[in-house]
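Enquirer: Coordinates in input33.txt, compact mmCIF, C-alpha atoms and all ligand atoms, are listed below.
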# COMPACT_ATOMS: atom_id res chain seq x y z
CA MET A 270 73.46 89.70 88.69
CA LYS A 271 71.28 92.76 88.83
CA VAL A 272 73.08 96.06 89.53
CA ILE A 273 71.17 99.01 91.00
CA GLN A 274 72.94 102.34 91.32
CA VAL A 275 71.63 104.59 94.07
CA GLU A 276 72.42 108.15 95.11
CA ASN A 277 73.54 107.22 98.62
CA PRO A 278 73.20 104.51 101.30
CA ALA A 279 69.87 105.93 102.50
CA ALA A 280 68.39 105.38 99.03
CA GLY A 281 69.97 101.91 98.94
CA GLY A 282 68.23 101.04 102.20
CA LYS A 283 64.87 101.97 100.68
CA VAL A 284 65.48 99.88 97.57
CA ALA A 285 66.43 96.91 99.73
CA LEU A 286 63.36 97.31 101.92
CA ASP A 287 61.18 97.08 98.80
CA LEU A 288 62.98 93.90 97.78
CA LEU A 289 62.46 92.51 101.29
CA ARG A 290 58.74 93.25 101.05
CA GLN A 291 58.57 91.27 97.81
CA LYS A 292 60.40 88.31 99.33
CA LEU A 293 58.18 88.34 102.44
CA ALA A 294 55.07 88.43 100.25
CA ALA A 295 56.48 85.39 98.44
CA GLY A 296 56.85 83.52 101.75
CA ALA A 297 60.39 84.29 102.97
CA SER A 298 60.78 83.51 106.65
CA THR A 299 64.54 83.44 107.32
CA LEU A 300 66.88 86.37 106.79
CA GLY A 301 70.66 86.12 106.66
CA LEU A 302 72.06 89.29 108.23
CA ALA A 303 75.39 91.09 108.12
CA THR A 304 77.24 93.65 110.20
CA GLY A 305 79.43 96.53 109.02
CA SER A 306 78.37 99.97 107.90
CA SER A 307 76.95 98.93 104.52
CA PRO A 308 73.64 97.39 105.70
CA LEU A 309 72.96 100.07 108.34
CA ASP A 310 70.55 102.13 106.27
CA PHE A 311 68.63 99.02 105.36
CA TYR A 312 68.24 98.24 109.08
CA ARG A 313 67.10 101.82 109.71
CA GLU A 314 64.48 101.52 106.98
CA LEU A 315 63.32 98.19 108.36
CA ILE A 316 63.00 99.65 111.88
CA ALA A 317 61.07 102.66 110.57
CA SER A 318 58.74 100.46 108.55
CA GLU A 319 55.53 98.84 109.72
CA LEU A 320 56.92 95.41 108.82
CA ASP A 321 56.44 92.81 111.53
CA THR A 322 59.58 90.69 112.04
CA SER A 323 58.30 88.77 115.06
CA HIS A 324 57.59 85.69 112.93
CA LEU A 325 60.97 85.77 111.13
CA VAL A 326 64.20 84.00 111.98
CA SER A 327 67.59 85.64 111.44
CA VAL A 328 71.00 84.06 111.10
CA ASN A 329 74.13 86.21 111.01
CA LEU A 330 77.17 85.71 108.86
CA ASP A 331 79.96 85.90 111.37
CA GLU A 332 81.37 86.84 114.77
CA TYR A 333 84.78 87.68 116.18
CA VAL A 334 86.49 85.02 118.26
CA GLY A 335 87.09 86.09 121.86
CA LEU A 336 84.37 88.73 122.23
CA ASP A 337 81.16 88.03 124.11
CA GLY A 338 77.79 89.59 123.39
CA GLN A 339 78.26 92.31 126.03
CA ASP A 340 81.35 93.61 124.24
CA PRO A 341 80.36 96.67 122.17
CA GLN A 342 82.69 95.48 119.38
CA SER A 343 81.06 92.09 119.09
CA TYR A 344 78.72 91.48 116.20
CA GLN A 345 76.09 90.23 118.61
CA TYR A 346 76.13 93.61 120.35
CA PHE A 347 76.04 95.37 116.97
CA MET A 348 72.96 93.46 115.87
CA GLN A 349 71.21 94.02 119.19
CA ASP A 350 72.00 97.73 119.09
CA LYS A 351 71.25 98.37 115.41
CA LEU A 352 68.29 96.08 114.83
CA PHE A 353 67.03 93.50 117.30
CA ALA A 354 66.36 95.95 120.17
CA HIS A 355 64.04 97.81 117.80
CA LYS A 356 62.65 94.94 115.70
CA PRO A 357 62.75 91.65 117.59
CA PHE A 358 62.76 88.45 115.54
CA LYS A 359 61.23 85.12 116.53
CA ALA A 360 64.76 83.79 116.91
CA SER A 361 68.16 85.27 116.05
CA PHE A 362 71.32 83.22 115.66
CA LEU A 363 74.97 84.27 115.56
CA PRO A 364 78.10 82.20 115.96
CA ASN A 365 79.34 82.29 119.57
CA GLY A 366 82.85 83.75 119.53
CA LYS A 367 83.35 82.88 123.19
CA ALA A 368 82.60 79.18 122.81
CA SER A 369 85.15 77.11 124.72
CA ASP A 370 85.12 74.48 121.96
CA LEU A 371 85.26 76.36 118.66
CA GLN A 372 85.04 73.21 116.55
CA ALA A 373 81.83 72.20 118.33
CA GLU A 374 80.53 75.73 117.77
CA VAL A 375 81.27 75.45 114.05
CA GLU A 376 79.22 72.25 113.93
CA ARG A 377 76.39 73.79 115.93
CA TYR A 378 76.23 76.71 113.52
CA ASN A 379 76.17 74.51 110.45
CA GLN A 380 73.23 72.70 112.03
CA VAL A 381 71.47 76.04 112.61
CA LEU A 382 71.92 76.82 108.92
CA ALA A 383 70.59 73.40 107.95
CA ASP A 384 67.55 73.92 110.20
CA TYR A 385 66.88 77.44 108.93
CA PRO A 386 67.69 77.74 105.22
CA VAL A 387 68.18 81.39 104.35
CA ASP A 388 65.62 82.97 102.03
CA LEU A 389 67.28 86.37 101.72
CA GLN A 390 70.93 86.97 102.58
CA ILE A 391 72.24 90.50 103.21
CA LEU A 392 75.92 91.06 102.43
CA GLY A 393 78.55 93.76 102.49
CA ILE A 394 81.92 93.29 100.86
CA GLY A 395 85.46 93.69 102.15
CA ARG A 396 87.99 95.76 100.23
CA ASN A 397 89.76 92.53 99.30
CA GLY A 398 86.49 91.01 98.06
CA HIS A 399 85.68 89.03 101.20
CA ILE A 400 82.09 88.16 102.05
CA GLY A 401 81.24 87.35 105.63
CA PHE A 402 84.78 86.78 106.85
CA ASN A 403 85.70 84.52 103.94
CA GLU A 404 89.09 85.89 103.01
CA PRO A 405 90.79 85.46 99.61
CA GLY A 406 91.81 81.83 99.15
CA THR A 407 88.80 80.39 101.01
CA SER A 408 87.33 77.36 99.24
CA PHE A 409 84.02 77.88 97.45
CA GLU A 410 82.99 74.58 99.11
CA SER A 411 83.54 75.95 102.63
CA GLN A 412 80.95 75.63 105.38
CA THR A 413 81.07 77.54 108.69
CA HIS A 414 84.70 77.70 109.77
CA LEU A 415 87.32 79.35 111.96
CA VAL A 416 89.10 82.13 110.10
CA ASP A 417 92.46 83.82 110.54
CA LEU A 418 91.69 87.38 109.47
CA ALA A 419 93.78 88.97 106.74
CA SER A 420 95.95 91.83 107.98
CA SER A 421 94.14 94.16 105.54
CA THR A 422 90.81 93.21 107.16
CA ILE A 423 92.20 93.78 110.66
CA GLU A 424 93.41 97.21 109.54
CA ALA A 425 90.10 98.07 107.85
CA ASN A 426 88.14 97.10 110.96
CA ALA A 427 90.53 98.84 113.38
CA ARG A 428 88.49 102.02 113.02
CA PHE A 429 85.90 100.50 115.35
CA PHE A 430 88.47 99.72 118.06
CA GLU A 431 90.62 101.93 120.26
CA ARG A 432 93.89 100.30 119.25
CA LEU A 433 94.96 98.06 116.38
CA GLU A 434 96.05 95.44 118.97
CA ASP A 435 92.45 95.26 120.21
CA VAL A 436 91.10 93.95 116.90
CA PRO A 437 90.52 90.20 117.12
CA THR A 438 92.66 88.18 114.73
CA GLN A 439 90.19 85.32 114.31
CA ALA A 440 86.50 84.96 113.56
CA LEU A 441 83.84 82.34 112.98
CA SER A 442 82.18 82.78 109.62
CA MET A 443 79.58 81.09 107.49
CA GLY A 444 81.40 79.54 104.54
CA ILE A 445 81.01 80.42 100.89
CA ALA A 446 78.87 77.34 100.28
CA ASN A 447 76.51 78.39 103.10
CA ILE A 448 76.15 81.86 101.58
CA MET A 449 75.53 80.44 98.10
CA GLN A 450 72.66 78.33 99.48
CA ALA A 451 70.58 81.44 100.21
CA LYS A 452 67.68 81.71 97.79
CA SER A 453 68.29 85.41 97.18
CA ILE A 454 71.12 87.78 98.01
CA ILE A 455 71.40 91.56 98.35
CA LEU A 456 74.93 92.99 98.51
CA PHE A 457 75.53 96.61 99.48
CA ALA A 458 78.70 98.47 98.45
CA TYR A 459 79.39 102.16 98.99
CA GLY A 460 82.46 104.28 98.40
CA GLN A 461 85.57 104.26 96.28
CA ALA A 462 87.38 101.83 98.60
CA LYS A 463 85.05 99.06 97.34
CA ALA A 464 85.31 99.83 93.61
CA GLN A 465 88.11 97.37 92.80
CA ALA A 466 86.44 94.54 94.71
CA ILE A 467 83.13 95.28 92.97
CA ARG A 468 84.75 95.19 89.55
CA GLY A 469 86.25 91.79 90.34
CA MET A 470 82.98 90.53 91.77
CA VAL A 471 80.89 91.53 88.74
CA GLN A 472 83.26 91.31 85.78
CA GLY A 473 86.37 89.50 86.91
CA PRO A 474 87.14 85.82 86.63
CA ILE A 475 85.34 83.59 89.13
CA THR A 476 88.19 82.87 91.50
CA GLU A 477 88.73 81.98 95.12
CA GLU A 478 91.23 84.84 95.17
CA LEU A 479 88.23 87.19 95.12
CA PRO A 480 85.57 85.44 97.20
CA ALA A 481 82.64 87.63 96.08
CA SER A 482 83.22 86.61 92.44
CA VAL A 483 81.43 83.35 93.28
CA LEU A 484 78.20 85.37 93.30
CA GLN A 485 78.31 85.40 89.47
CA LYS A 486 77.16 81.78 89.75
CA HIS A 487 74.15 82.58 91.97
CA PRO A 488 70.77 82.94 90.20
CA ASP A 489 69.36 85.82 92.30
CA VAL A 490 71.84 88.49 93.40
CA VAL A 491 71.08 92.20 93.55
CA LEU A 492 74.03 94.54 93.96
CA ILE A 493 73.05 97.92 95.39
CA GLY A 494 75.85 100.48 95.19
CA ASP A 495 76.65 104.15 94.86
CA GLN A 496 78.43 105.78 91.93
CA ALA A 497 81.85 105.49 93.59
CA ALA A 498 81.59 101.78 94.35
CA LEU A 499 80.29 101.05 90.81
CA SER A 500 82.74 103.43 89.10
CA LEU A 501 85.06 100.75 87.71
CA LEU A 502 82.26 98.72 86.05
CA ASP A 503 82.09 98.89 82.25
C1 LIG B 1 83.54 93.02 107.93
C2 LIG B 1 82.38 92.05 107.94
C3 LIG B 1 81.76 91.91 106.56
C4 LIG B 1 81.51 93.28 105.98
C5 LIG B 1 82.81 94.04 105.85
C6 LIG B 1 82.65 95.41 105.23
O1 LIG B 1 84.72 92.44 107.50
N1 LIG B 1 82.72 90.74 108.41
O2 LIG B 1 80.56 91.17 106.66
O3 LIG B 1 80.91 93.15 104.73
O4 LIG B 1 83.33 94.19 107.16
O5 LIG B 1 82.26 96.35 106.18
P1 LIG B 1 81.66 97.76 105.84
O6 LIG B 1 80.26 97.52 105.36
O7 LIG B 1 81.68 98.52 107.13
O8 LIG B 1 82.51 98.36 104.79
Kindly transcribe the structure held in the file into structure tokens.
Expert:
Amino acid sequence: MKVIQVENPAAGGKVALDLLRQKLAAGASTLGLATGSSPLDFYRELIASELDTSHLVSVNLDEYVGLDGQDPQSYQYFMQDKLFAHKPFKASFLPNGKASDLQAEVERYNQVLADYPVDLQILGIGRNGHIGFNEPGTSFESQTHLVDLASSTIEANARFFERLEDVPTQALSMGIANIMQAKSIILFAYGQAKAQAIRGMVQGPITEELPASVLQKHPDVVLIGDQAALSLLD
């Protein structure tokens, strides 16, 4: 795993844009995208760049169950607002959190991932080490699945909602095995709240109790973080 310390998220976005340029030059055509605050500066850099995304496909990590794309808290809305409205892709896929048959939706999404293998996956990390919405205890063999969110995740994400009760308790998420299939991965982590998870991810034992630790087994991961997030690394 390559670790790059940056001054702040804005600098991290620039570093990631350079990495994206290299991957595109090498033929990358499908990007795995993430929500949350961590990738925002990367999306800003991408929007401000001259890069043409109209020939690229994007697949997102996850979506809340019960929210449709018009809901400002949905990840579909987030992606539209923060990226796709400014840089349209050839096709963009997210799990449908309003699907009437969630099991069928899980299967559809796994087929999307089989049809569009991810060249470069963007990740953030939860305070408990989750990636996507793969909470501690999720099997490393998991494919797209329905998730019961950990109470710590619900609390962490409550800041985007008016009331704690409004935060969905379930999500559809790519599995760990799906994420590991990406050819290359960039993970962003900023702030002290992520330091413990980052230590476990980089130096801890590889364990399903800290989902991101699986990334130690991936051949091409770049961790981009600020001093606070990297502060517990030796
Ligand atoms: C959510 C998302 C994750 C994201 C995490 C961290 O749980 N499902 O994909 O990595 O939040 O969010 P942030 O980057 O805002 O800290």
Enquirer: Select, from A:Pro437, A:Pro386, A:Pro308, A:Pro488, the residue with the minimum atom-to-atom distance to ligand LIG 1 (chain B), counting only C-alpha atoms and all ligand atoms.
Expert: A:Pro308
Enquirer: Tell me which of A:Glu276, A:Glu424, A:Glu431, A:Glu374 sits closest to ligand LIG 1 (chain B), counting all atoms listed in the file.
Expert: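 Closest candidate: A:Glu424.
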Enquirer: Counting only C-alpha atoms and all ligand atoms, figure out which residue out of A:Arg290, A:Arg396, A:His487, A:Arg468 gets nearest to ligand LIG 1 (chain B).
Expert: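 Looking at the shortest contact to ligand LIG 1 (chain B), the residue is A:Arg396.
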Enquirer: Starting from the point (61.9, 103.4, 103.9), work out which residues of protein, DNA or RNA have an atom no more than 9 Å away when counting only C-alpha atoms; state them as a PyMOL selection string.
Expert: chain A and resi 279-280+282-287+311+313-318
Enquirer: Which polymer residues, protein or nucleic acid, are no farther than 10 Å from (77.4, 85.9, 116.2), counting all atoms listed in the file, as number ranges by chain?
Expert: A: 303-304, 328-334, 336-338, 343-348, 361-367, 378, 440-442
Enquirer: Given 8 Å on each side, where is the centre and what are the edge lengths in Å to one decimal of the axis-aligned box enclosing the listed atoms of ligand LIG 1 (chain B), as AutoDock Vina command-line options?
Expert:
--center_x 82.5 --center_y 94.6 --center_z 106.6 --size_x 20.5 --size_y 23.8 --size_z 19.7
Enquirer: Have a look at CA of Glu319 in chain A and CA of Ser453 in chain A and let me know their distance in Å, one decimal.
Expert: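 Computing it gives 22.4 Å between the two atoms.
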